[in-house]
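> input.txt is reproduced below (compact mmCIF, C-alpha atoms).
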# COMPACT_ATOMS: atom_id res chain seq x y z
CA MET A 796 22.95 9.36 15.80
CA ALA A 797 19.62 9.83 14.07
CA VAL A 798 19.73 10.70 10.37
CA ARG A 799 18.42 14.20 9.75
CA ASP A 800 15.46 14.39 7.41
CA GLU A 801 16.30 17.11 4.91
CA THR A 802 13.24 16.72 2.69
CA VAL A 803 11.06 19.79 2.13
CA GLN A 804 7.65 18.52 3.17
CA SER A 805 5.73 21.34 1.51
CA LEU A 806 7.28 20.35 -1.83
CA VAL A 807 6.42 16.70 -1.18
CA ARG A 808 2.80 17.66 -0.52
CA GLY A 809 2.71 19.91 -3.58
CA ILE A 810 3.90 17.06 -5.79
CA ALA A 811 1.21 14.83 -4.25
CA VAL A 812 -1.42 17.40 -5.26
CA ILE A 813 -0.14 17.43 -8.85
CA ARG A 814 -0.08 13.64 -8.98
CA SER A 815 -3.67 13.45 -7.72
CA PHE A 816 -4.74 14.64 -11.16
CA ASP A 817 -4.73 11.64 -13.48
CA ALA A 818 -6.73 10.25 -16.38
CA GLY A 819 -9.65 9.42 -14.11
CA HIS A 820 -9.49 12.63 -12.08
CA ARG A 821 -8.79 15.45 -14.54
CA HIS A 822 -11.22 17.79 -12.78
CA GLN A 823 -11.27 17.90 -8.98
CA THR A 824 -12.73 20.01 -6.22
CA ILE A 825 -10.76 21.00 -3.15
CA THR A 826 -12.51 18.21 -1.27
CA ASP A 827 -11.51 15.69 -3.94
CA VAL A 828 -7.84 16.70 -3.77
CA ALA A 829 -7.85 16.63 0.03
CA ALA A 830 -9.30 13.12 0.02
CA ARG A 831 -6.83 11.79 -2.56
CA THR A 832 -3.75 13.29 -0.89
CA GLY A 833 -4.61 13.07 2.79
CA LEU A 834 -4.29 16.84 3.18
CA THR A 835 -6.72 19.06 5.01
CA ARG A 836 -9.10 21.08 2.85
CA ALA A 837 -7.30 24.26 3.89
CA ALA A 838 -3.91 22.89 2.85
CA ALA A 839 -5.28 21.50 -0.42
CA ARG A 840 -6.84 24.88 -1.18
CA ARG A 841 -3.52 26.70 -0.65
CA PHE A 842 -1.65 24.32 -2.93
CA LEU A 843 -4.31 24.59 -5.64
CA ILE A 844 -4.31 28.40 -5.46
CA THR A 845 -0.51 28.36 -5.75
CA LEU A 846 -0.68 26.12 -8.81
CA CYS A 847 -3.23 28.46 -10.37
CA GLU A 848 -1.10 31.54 -9.65
CA THR A 849 1.92 29.91 -11.32
CA GLY A 850 -0.13 28.92 -14.37
CA LEU A 851 0.12 25.19 -13.74
CA ALA A 852 -3.59 24.83 -12.92
CA ARG A 853 -6.86 26.67 -13.49
CA SER A 854 -10.29 26.74 -11.89
CA ASP A 855 -13.86 27.60 -12.82
CA GLY A 856 -14.53 28.56 -9.23
CA LYS A 857 -15.34 25.04 -8.08
CA ASN A 858 -13.33 22.49 -10.06
CA TYR A 859 -9.60 22.58 -10.67
CA GLU A 860 -7.57 21.07 -13.50
CA LEU A 861 -3.93 21.12 -14.58
CA THR A 862 -2.92 23.19 -17.60
CA PRO A 863 -0.56 22.19 -20.43
CA ALA A 864 2.10 24.30 -18.71
CA ILE A 865 2.63 21.36 -16.33
CA LEU A 866 4.49 19.64 -19.17
CA GLU A 867 7.31 22.15 -18.73
CA LEU A 868 8.28 20.31 -15.55
CA ALA A 869 9.07 17.19 -17.57
CA GLN A 870 10.62 18.95 -20.54
CA SER A 871 14.17 18.91 -19.20
CA TYR A 872 13.99 15.14 -18.73
CA VAL A 873 12.35 14.44 -22.07
CA SER A 874 14.76 16.66 -23.97
CA SER A 875 17.78 15.03 -22.36
CA ALA A 876 16.55 11.46 -22.85
CA SER A 877 17.63 11.12 -26.46
CA GLU A 878 16.94 7.39 -26.39
CA LEU A 879 13.25 8.20 -26.16
CA GLU A 880 13.45 9.76 -29.61
CA ILE A 881 14.51 6.37 -30.94
CA VAL A 882 11.68 4.69 -29.07
CA GLN A 883 9.13 7.20 -30.34
CA ASP A 884 10.18 6.60 -33.95
CA VAL A 885 9.89 2.84 -33.46
CA LEU A 886 6.44 3.15 -31.89
CA ARG A 887 5.26 5.34 -34.73
CA GLY A 888 6.35 2.69 -37.20
CA LEU A 889 4.54 -0.06 -35.30
CA SER A 890 1.36 1.98 -35.06
CA GLU A 891 1.41 2.74 -38.78
CA GLN A 892 2.14 -0.88 -39.66
CA PHE A 893 -0.77 -2.37 -37.71
CA ASP A 894 -3.05 0.66 -37.20
CA GLU A 895 -3.00 -0.07 -33.47
CA SER A 896 -1.71 1.89 -30.49
CA ALA A 897 1.93 1.37 -29.50
CA SER A 898 3.43 2.61 -26.24
CA ALA A 899 6.53 2.55 -24.05
CA ALA A 900 6.73 2.73 -20.27
CA MET A 901 9.12 2.58 -17.33
CA MET A 902 8.56 1.40 -13.77
CA ASP A 903 7.96 4.07 -11.16
CA GLY A 904 7.35 2.56 -7.75
CA THR A 905 4.55 0.02 -8.15
CA ASP A 906 3.21 1.71 -11.29
CA ILE A 907 4.31 2.05 -14.86
CA ILE A 908 4.57 5.52 -16.32
CA TYR A 909 4.16 6.17 -20.03
CA VAL A 910 7.25 7.76 -21.60
CA ALA A 911 6.37 7.48 -25.31
CA ARG A 912 3.23 6.69 -27.27
CA ALA A 913 1.90 6.45 -30.82
CA PRO A 914 -1.92 6.22 -30.61
CA ALA A 915 -4.07 4.54 -33.21
CA ARG A 916 -6.72 6.49 -35.05
CA HIS A 917 -9.42 4.60 -33.16
CA ARG A 918 -9.54 4.88 -29.38
CA ILE A 919 -9.45 1.56 -27.56
CA MET A 920 -9.51 2.61 -23.90
CA THR A 921 -12.11 4.53 -21.95
CA ILE A 922 -9.37 6.59 -20.29
CA GLY A 923 -7.03 8.83 -22.23
CA LEU A 924 -3.40 7.82 -22.32
CA GLY A 925 -0.47 10.18 -22.76
CA LEU A 926 3.02 10.89 -21.55
CA GLY A 927 3.12 10.68 -17.77
CA THR A 928 0.05 8.46 -17.44
CA ARG A 929 0.44 6.05 -14.53
CA LEU A 930 -1.10 2.59 -14.42
CA PRO A 931 -0.67 -0.28 -11.94
CA ALA A 932 2.11 -2.58 -13.09
CA HIS A 933 0.40 -5.82 -12.10
CA ALA A 934 -2.52 -5.27 -14.50
CA THR A 935 -0.58 -4.18 -17.60
CA SER A 936 1.50 -6.06 -20.15
CA MET A 937 4.33 -3.51 -19.94
CA GLY A 938 4.28 -3.73 -16.15
CA GLN A 939 4.52 -7.51 -16.21
CA ALA A 940 7.30 -7.33 -18.81
CA LEU A 941 9.26 -4.90 -16.64
CA LEU A 942 8.68 -6.99 -13.52
CA SER A 943 10.20 -9.95 -15.38
CA LEU A 944 13.51 -8.03 -15.59
CA MET A 945 13.74 -7.48 -11.83
CA GLN A 946 16.27 -9.22 -9.65
CA PRO A 947 14.70 -11.43 -6.93
CA ARG A 948 15.31 -8.81 -4.23
CA GLU A 949 13.77 -6.06 -6.35
CA LEU A 950 10.73 -8.19 -7.04
CA GLU A 951 10.29 -8.96 -3.34
CA ILE A 952 10.30 -5.25 -2.55
CA TYR A 953 7.74 -4.61 -5.28
CA LEU A 954 5.45 -7.40 -4.03
CA SER A 955 5.66 -6.10 -0.47
CA LYS A 956 4.48 -2.65 -1.56
CA ALA A 957 2.09 -3.32 -4.44
CA LYS A 958 -1.65 -3.24 -3.92
CA LEU A 959 -2.97 -5.83 -6.34
CA THR A 960 -6.27 -4.07 -6.86
CA PRO A 961 -8.83 -5.89 -9.03
CA LEU A 962 -9.64 -3.67 -12.00
CA THR A 963 -11.66 -6.30 -13.88
CA PRO A 964 -12.75 -9.87 -13.09
CA TYR A 965 -9.57 -11.01 -14.88
CA THR A 966 -7.00 -8.96 -12.94
CA LEU A 967 -4.32 -10.94 -11.12
CA THR A 968 -4.87 -10.10 -7.46
CA THR A 969 -2.69 -12.57 -5.55
CA ARG A 970 1.06 -12.62 -5.24
CA THR A 971 1.09 -16.29 -6.16
CA SER A 972 -0.72 -15.75 -9.46
CA LEU A 973 1.40 -12.71 -10.29
CA ARG A 974 4.64 -14.58 -9.52
CA GLN A 975 3.51 -17.40 -11.79
CA ARG A 976 2.78 -14.95 -14.58
CA ILE A 977 6.16 -13.22 -14.18
CA ASP A 978 7.89 -16.63 -14.38
CA GLU A 979 6.03 -17.29 -17.64
CA VAL A 980 7.05 -13.90 -19.03
CA GLN A 981 10.68 -14.57 -18.14
CA ASP A 982 10.57 -17.93 -19.93
CA ARG A 983 8.91 -16.76 -23.14
CA GLY A 984 10.27 -13.20 -23.31
CA TYR A 985 6.97 -11.35 -23.67
CA ALA A 986 3.86 -10.52 -21.66
CA ILE A 987 0.30 -10.67 -22.91
CA VAL A 988 -2.62 -9.28 -20.92
CA SER A 989 -6.25 -9.95 -21.84
CA GLU A 990 -8.83 -7.67 -20.19
CA GLU A 991 -6.89 -7.49 -16.91
CA LEU A 992 -6.61 -3.71 -17.02
CA GLU A 993 -9.86 -2.88 -18.81
CA LEU A 994 -12.61 -5.03 -20.28
CA GLY A 995 -12.33 -5.22 -24.04
CA LEU A 996 -8.60 -4.43 -24.09
CA ARG A 997 -5.78 -6.82 -24.98
CA SER A 998 -2.08 -5.98 -25.22
CA ILE A 999 1.28 -7.63 -25.78
CA SER A 1000 4.60 -6.28 -24.53
CA VAL A 1001 8.32 -7.01 -24.82
CA PRO A 1002 10.96 -5.64 -22.42
CA VAL A 1003 13.95 -3.69 -23.70
CA ARG A 1004 17.25 -4.59 -22.05
CA ASN A 1005 19.48 -1.54 -22.05
CA ARG A 1006 22.87 -1.88 -20.36
CA ASN A 1007 23.48 1.87 -20.44
CA ALA A 1008 20.17 3.02 -18.96
CA ARG A 1009 19.29 3.53 -15.32
CA SER A 1010 15.71 2.44 -16.02
CA ASN A 1011 14.50 -0.35 -18.26
CA ILE A 1012 11.59 0.21 -20.60
CA ALA A 1013 9.02 -2.02 -22.26
CA ILE A 1014 7.08 -1.46 -25.46
CA ASN A 1015 3.64 -2.79 -26.34
CA ILE A 1016 0.87 -2.92 -28.91
CA SER A 1017 -2.74 -2.72 -27.70
CA ALA A 1018 -5.94 -3.65 -29.52
CA GLN A 1019 -9.60 -4.40 -28.93
CA ALA A 1020 -9.97 -7.91 -27.56
CA ALA A 1021 -13.02 -8.58 -29.73
CA ARG A 1022 -11.06 -7.78 -32.87
CA VAL A 1023 -7.63 -9.29 -32.11
CA SER A 1024 -7.18 -12.59 -30.29
CA ALA A 1025 -4.24 -13.52 -28.10
CA ASP A 1026 -3.05 -15.95 -30.79
CA ASP A 1027 -3.25 -13.17 -33.39
CA MET A 1028 -1.10 -10.97 -31.21
CA VAL A 1029 1.58 -13.61 -30.86
CA GLU A 1030 1.51 -14.47 -34.55
CA ARG A 1031 1.24 -10.95 -36.03
CA PHE A 1032 2.47 -8.44 -33.45
CA LEU A 1033 5.17 -10.31 -31.52
CA PRO A 1034 7.72 -10.68 -34.37
CA ALA A 1035 7.44 -6.96 -35.16
CA LEU A 1036 7.80 -6.06 -31.48
CA GLN A 1037 10.87 -8.25 -31.16
CA ARG A 1038 12.47 -6.64 -34.21
CA ALA A 1039 11.65 -3.22 -32.78
CA VAL A 1040 13.25 -4.13 -29.45
CA ARG A 1041 16.43 -5.31 -31.15
CA HIS A 1042 16.57 -2.04 -33.08
CA ILE A 1043 16.17 -0.03 -29.89
CA GLU A 1044 18.75 -2.07 -27.98
CA ILE A 1045 21.36 -1.75 -30.75
CA ALA A 1046 20.74 1.99 -31.07
CA MET A 1047 20.95 2.54 -27.31
CA ASP A 1048 24.06 0.41 -26.85
CA SER A 1049 25.85 2.37 -29.57
CA ARG A 1050 25.30 5.70 -27.83
Could the structure of this file be written out as structure tokens, please?


Amino acid sequence: MAVRDETVQSLVRGIAVIRSFDAGHRHQTITDVAARTGLTRAAARRFLITLCETGLARSDGKNYELTPAILELAQSYVSSASELEIVQDVLRGLSEQFDESASAAMMDGTDIIYVARAPARHRIMTIGLGLGTRLPAHATSMGQALLSLMQPRELEIYLSKAKLTPLTPYTLTTRTSLRQRIDEVQDRGYAIVSEELELGLRSISVPVRNRNARSNIAINISAQAARVSADDMVERFLPALQRAVRHIEIAMDSR
């Protein structure tokens, strides 16, 4: 007997419209949203009008953007995830220690999603990063760190679904090269990415192993590649990241 599909497709499409707004597409026309979601212009228009009427979006008559009220949708998760308070405190300490940006992320499909962040005073990326920002796992240090924690079957599923899009000339775009990198991360316990996500950006990440969590996280420190070399990151940042991870793991295991 066929399994009945009980999903509400209108809700699925509405979520797709919300997700179409990201750091690179903060302002979109109806046509833009339709193209990014696969909806017709008429359907995209109805969803956008609904979001505006509920206060989750606004429009100047042509372009649409989400409003801060959209954060209410995530508030119940954030408020219940007390472990993220620990992570946020740790990231704040790392950022203050090195005057660099520190972040934490979880896997979500083939992307990572930012769940905590302590930005540096100086901006190092051309796109703005905040809670809920999604980036492709294959091109990020936190993504590669999280991939290193996957069981072989999980990794095979990821590789079968991931689009290894080249974001810079240095992005890993083949499954062979990505597998090799993940093996290296597993052996050494950290991931370092140099200009694979964005030119001029370098980051180092360590995974957090949490027996009590449904989703693993990774934390990282990012810096301008011209100012901080890969060797500097390993020598200066890695020991602090490893201490931070141990602190997080002990705190989470005790809860």

> Here's a test: counting only C-alpha atoms, identify every protein, DNA and RNA residue with an atom at most 10 Å from (-2.2, 8.2, -19.5) in the file's coordinate frame, and state them as a CSV table (one decimal) with C-alpha atoms, in the coordinates of the input.


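Below you can see selection_28.csv, which holds the result:
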chain,number,residue,atom,x,y,z
A,817,ASP,CA,-4.7,11.6,-13.5
A,818,ALA,CA,-6.7,10.2,-16.4
A,819,GLY,CA,-9.6,9.4,-14.1
A,908,ILE,CA,4.6,5.5,-16.3
A,909,TYR,CA,4.2,6.2,-20.0
A,910,VAL,CA,7.2,7.8,-21.6
A,912,ARG,CA,3.2,6.7,-27.3
A,922,ILE,CA,-9.4,6.6,-20.3
A,923,GLY,CA,-7.0,8.8,-22.2
A,924,LEU,CA,-3.4,7.8,-22.3
A,925,GLY,CA,-0.5,10.2,-22.8
A,926,LEU,CA,3.0,10.9,-21.6
A,927,GLY,CA,3.1,10.7,-17.8
A,928,THR,CA,0.0,8.5,-17.4
A,929,ARG,CA,0.4,6.0,-14.5
A,930,LEU,CA,-1.1,2.6,-14.4

> Would you compute the distance between CA of Leu996 in chain A and CA of Gln1019 in chain A? Give it in Å to one decimal.

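Rounded to one decimal, the two atoms are 4.9 Å apart.
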
> Which of these residues is nearest to Val980 in chain A, using only C-alpha atoms: A:Val1003, A:Met902, A:Leu942, A:Ile1016?

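Result for the nearest residue to Val980 in chain A: A:Leu942.
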
> Give the answer as one residue: which of A:Ile999, A:Ile987, A:Leu886, A:Ala1020 has the shortest atom-to-atom distance to His1042 in chain A, using only C-alpha atoms?

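Among the listed residues, A:Leu886 lies closest to His1042 in chain A.
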
> Could you check which of A:Leu950, A:Ile881, A:Ala830, A:Leu941 is closest to Ala1046 in chain A, using only C-alpha atoms?

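Nearest candidate to Ala1046 in chain A out of A:Leu950, A:Ile881, A:Ala830, A:Leu941: A:Ile881.
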
> Which of these, A:Glu949, A:Glu867, A:Asp894, A:Asp906, has the shortest distance to Met937 in chain A once you count all atoms listed in the file?

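Using all atoms listed in the file, the shortest distance to Met937 in chain A belongs to A:Asp906.
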
> Could you please determine the separation between CA of Ser815 in chain A and CA of Arg836 in chain A in Å, to one decimal place?

14.1 Å

> Which is closer to Asp827 in chain A than all the others in A:Glu1044, A:Asp1026, A:Glu848, A:Glu860, using all atoms listed in the file?

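That would be A:Glu860, the residue with the smallest distance to Asp827 in chain A.
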
> Name the residues within 9 Å of (8.0, -7.5, -16.4), counting all atoms listed in the file in the file's coordinates, and put them as a ChimeraX atom specification.

/A:932-933,936-945,977,980-981,985-986,1000-1002,1013

> Of the candidates A:Ser890, A:Thr845, A:Thr832, A:Thr963, which shows the shortest atom-to-atom distance to Leu1036 in chain A, using only C-alpha atoms?

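Checking each of A:Ser890, A:Thr845, A:Thr832, A:Thr963 against Leu1036 in chain A, counting only C-alpha atoms, the winner is A:Ser890.
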
> At what distance in Å, to one decimal, does CA of Ile1012 in chain A lie from CA of Met901 in chain A?

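That distance, rounded to one decimal, is 4.7 Å.
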
> Residues of range 822-925 of chain A that have any atom at most 12 Å from an atom of range 801-807 of chain A: could you tabulate them with the shortest-distance atom pair and the distance in Å to one decimal, using only C-alpha atoms, ordered by chain and increasing number, as a Markdown table?


| residue | atom | partner | partner_atom | distance |
| --- | --- | --- | --- | --- |
| A:Thr832 | CA | A:Val807 | CA | 10.7 |
| A:Leu834 | CA | A:Ser805 | CA | 11.1 |
| A:Ala838 | CA | A:Ser805 | CA | 9.9 |
| A:Ala839 | CA | A:Ser805 | CA | 11.2 |
| A:Arg841 | CA | A:Ser805 | CA | 10.9 |
| A:Phe842 | CA | A:Ser805 | CA | 9.1 |
| A:Thr845 | CA | A:Leu806 | CA | 11.8 |
